[in-house]
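Visitor: File target04.json follows (JSON, C-alpha atoms):
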[["chain", "number", "residue", "atom", "x", "y", "z"],
["A", 1, "MET", "CA", 83.46, 88.30, 97.79],
["A", 2, "GLY", "CA", 84.22, 89.80, 101.18],
["A", 3, "VAL", "CA", 87.40, 91.43, 102.40],
["A", 4, "HIS", "CA", 89.24, 89.48, 105.09],
["A", 5, "GLU", "CA", 90.62, 91.80, 107.73],
["A", 6, "PRO", "CA", 92.53, 90.24, 110.63],
["A", 7, "LEU", "CA", 91.96, 91.83, 114.03],
["A", 8, "TYR", "CA", 95.68, 92.43, 114.63],
["A", 9, "ILE", "CA", 95.93, 94.61, 111.50],
["A", 10, "PHE", "CA", 92.96, 96.67, 112.68],
["A", 11, "LEU", "CA", 94.53, 97.15, 116.13],
["A", 12, "PHE", "CA", 97.94, 97.95, 114.66],
["A", 13, "LEU", "CA", 96.54, 100.66, 112.40],
["A", 14, "ILE", "CA", 94.46, 102.21, 115.19],
["A", 15, "LEU", "CA", 97.58, 102.23, 117.40],
["A", 16, "LEU", "CA", 99.52, 103.83, 114.55],
["A", 17, "GLY", "CA", 96.97, 106.63, 114.42],
["A", 18, "LEU", "CA", 97.03, 107.18, 118.19],
["A", 19, "ILE", "CA", 100.82, 107.19, 118.49],
["A", 20, "TYR", "CA", 101.07, 109.96, 115.88],
["A", 21, "ILE", "CA", 100.20, 112.68, 118.40],
["A", 22, "PRO", "CA", 103.16, 112.01, 120.78],
["A", 23, "VAL", "CA", 105.49, 111.56, 117.79],
["A", 24, "PHE", "CA", 104.35, 114.89, 116.36],
["A", 25, "LEU", "CA", 104.79, 116.70, 119.69],
["A", 26, "TYR", "CA", 108.25, 115.16, 120.18],
["A", 27, "THR", "CA", 109.31, 116.23, 116.69],
["A", 28, "ILE", "CA", 108.15, 119.81, 117.22],
["A", 29, "LYS", "CA", 109.91, 119.97, 120.59],
["A", 30, "LYS", "CA", 113.16, 118.33, 119.48],
["A", 31, "PHE", "CA", 113.95, 119.95, 116.09],
["A", 32, "LYS", "CA", 114.18, 123.41, 114.59],
["A", 33, "PHE", "CA", 112.87, 123.63, 111.01],
["A", 34, "ASN", "CA", 113.48, 125.79, 107.98],
["A", 35, "VAL", "CA", 110.67, 126.85, 105.63],
["A", 36, "ILE", "CA", 110.52, 123.48, 103.84],
["A", 37, "GLY", "CA", 110.43, 121.65, 107.15],
["A", 38, "LEU", "CA", 107.62, 123.84, 108.44],
["A", 39, "LEU", "CA", 105.69, 123.18, 105.22],
["A", 40, "PHE", "CA", 105.99, 119.42, 105.74],
["A", 41, "VAL", "CA", 105.01, 119.76, 109.40],
["A", 42, "PHE", "CA", 101.93, 121.69, 108.28],
["A", 43, "LEU", "CA", 101.13, 119.04, 105.65],
["A", 44, "SER", "CA", 101.50, 116.35, 108.28],
["A", 45, "ILE", "CA", 99.04, 117.84, 110.74],
["A", 46, "VAL", "CA", 96.58, 118.81, 107.99],
["A", 47, "SER", "CA", 96.64, 115.30, 106.52],
["A", 48, "TYR", "CA", 96.11, 113.79, 110.00],
["A", 49, "LEU", "CA", 93.12, 116.05, 110.65],
["A", 50, "LEU", "CA", 91.61, 115.45, 107.20],
["A", 51, "ILE", "CA", 91.97, 111.69, 107.59],
["A", 52, "GLY", "CA", 90.32, 111.92, 111.01],
["A", 53, "LYS", "CA", 87.46, 113.94, 109.55],
["A", 54, "TYR", "CA", 87.07, 111.42, 106.74],
["A", 55, "MET", "CA", 86.98, 108.51, 109.16],
["A", 56, "VAL", "CA", 84.32, 109.99, 111.44],
["A", 57, "ASP", "CA", 82.11, 111.35, 108.66],
["A", 58, "SER", "CA", 79.26, 109.16, 107.56],
["A", 59, "GLY", "CA", 80.76, 108.18, 104.23],
["A", 60, "ASN", "CA", 80.53, 105.04, 102.20],
["A", 61, "TYR", "CA", 83.43, 102.79, 103.09],
["A", 62, "ALA", "CA", 84.66, 100.25, 100.59],
["A", 63, "ASP", "CA", 84.63, 97.34, 103.02],
["A", 64, "GLU", "CA", 82.36, 98.57, 105.81],
["A", 65, "HIS", "CA", 80.29, 95.41, 105.94],
["A", 66, "SER", "CA", 83.29, 93.34, 107.05],
["A", 67, "SER", "CA", 85.04, 95.74, 109.39],
["A", 68, "LEU", "CA", 85.10, 96.50, 113.08],
["A", 69, "PHE", "CA", 83.46, 99.67, 114.38],
["A", 70, "GLY", "CA", 82.53, 100.71, 110.84],
["A", 71, "LEU", "CA", 86.12, 101.56, 109.92],
["A", 72, "GLY", "CA", 87.38, 99.78, 106.85],
["A", 73, "PHE", "CA", 90.90, 98.52, 106.24],
["A", 74, "LEU", "CA", 91.45, 100.85, 103.30],
["A", 75, "GLU", "CA", 90.53, 103.87, 105.42],
["A", 76, "LEU", "CA", 92.79, 102.77, 108.27],
["A", 77, "THR", "CA", 95.82, 102.52, 105.98],
["A", 78, "LEU", "CA", 95.52, 106.27, 105.42],
["A", 79, "LEU", "CA", 96.72, 106.76, 109.01],
["A", 80, "SER", "CA", 100.28, 106.09, 107.88],
["A", 81, "TYR", "CA", 100.35, 109.11, 105.55],
["A", 82, "PRO", "CA", 101.02, 111.81, 108.21],
["A", 83, "TYR", "CA", 104.17, 109.89, 109.21],
["A", 84, "ILE", "CA", 105.51, 110.32, 105.69],
["A", 85, "PHE", "CA", 105.24, 114.11, 105.96],
["A", 86, "ILE", "CA", 106.69, 114.27, 109.49],
["A", 87, "GLY", "CA", 109.63, 112.13, 108.32],
["A", 88, "LEU", "CA", 110.21, 114.40, 105.34],
["A", 89, "SER", "CA", 110.15, 117.45, 107.59],
["A", 90, "VAL", "CA", 112.96, 116.02, 109.70],
["A", 91, "LEU", "CA", 114.98, 114.76, 106.73],
["A", 92, "LEU", "CA", 114.63, 117.74, 104.41],
["A", 93, "GLY", "CA", 113.78, 120.69, 106.62],
["A", 94, "LYS", "CA", 115.76, 120.27, 109.83],
["A", 95, "LYS", "CA", 117.95, 123.20, 110.84],
["A", 96, "GLY", "CA", 119.24, 121.58, 113.98],
["A", 97, "GLU", "CA", 118.25, 120.09, 117.29],
["A", 98, "ARG", "CA", 116.90, 122.07, 120.19],
["A", 99, "ILE", "CA", 118.83, 121.85, 123.41]]
Could the structure of this file be written out as structure tokens, please?
Guide:
Amino acid sequence: MGVHEPLYIFLFLILLGLIYIPVFLYTIKKFKFNVIGLLFVFLSIVSYLLIGKYMVDSGNYADEHSSLFGLGFLELTLLSYPYIFIGLSVLLGKKGERI
């Protein structure tokens, strides 16, 4: 049984991964953070880099035989995780906005 992966989901998740960089830079520029916020910002960038390393390494992907460019759907869904940490940094660790 193969995994059906529509092309629009693949493109959406790749776009989600690429848009993270401007969102991260905007967040760093716009807000001041306390210690908890800085911890979540650090977790966000570390998770993004680790996911990128995982995706480019020559690992065994769960659904590689039915995916585009050798990236499986399950691996692409990991690209949403850094957004969770960047959102938590703004919600829980924001001191204020920069002017």
Visitor: Using only C-alpha atoms, which of A:Lys53, A:Tyr81, A:Leu88, A:Ile45 sits nearest Leu25 in chain A?
Guide: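 For Leu25 in chain A, the nearest of the given residues is A:Ile45.
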Visitor: Looking at A:Leu16, A:Leu11, A:Leu79, A:Leu92, which one is nearest to Tyr48 in chain A, with distances taken over all atoms listed in the file?
Guide: A:Leu79
Visitor: Report, in Å with one decimal, the straight-line distance from CA of Ile86 in chain A to CA of Asn34 in chain A.
Guide: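 So the two atoms, CA of Ile86 in chain A and CA of Asn34 in chain A, lie 13.5 Å apart.
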Visitor: State, in Å with one decimal place, the distance from CA of Gly17 in chain A to CA of Phe42 in chain A.
Guide: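 Here the two named atoms are 17.0 Å from each other.
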Visitor: Could you check which of A:Tyr54, A:Ile14, A:Lys95, A:Pro82 is closest to Val41 in chain A, using all atoms listed in the file?
Guide: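 Once distances to Val41 in chain A are computed over all atoms listed in the file, the minimum belongs to A:Pro82.
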Visitor: Considering all atoms listed in the file, state which residue in the set A:Pro6, A:Leu78, A:Leu43, A:Phe31 is at the smallest distance from Lys94 in chain A.
Guide: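 Of all the options, A:Phe31 lies closest to Lys94 in chain A.
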Visitor: Taking (110.0, 118.9, 102.8) in the file's coordinates, which residues come within 8 Å, counting all atoms listed in the file, written as JSON, numbers by chain?
Guide: {"A": [36, 37, 38, 39, 40, 85, 88, 89, 91, 92, 93]}
Visitor: CA of Gly87 in chain A to CA of Leu7 in chain A: how many Å, to one decimal?
Guide: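 These atoms are spaced 27.5 Å apart.
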Visitor: I need the residue nearest Ser44 in chain A from this list: A:Thr27, A:Thr77, A:Tyr8, A:Gly96. Use only C-alpha atoms for the distance.
Guide: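 Closest to Ser44 in chain A of all the choices is A:Thr27.
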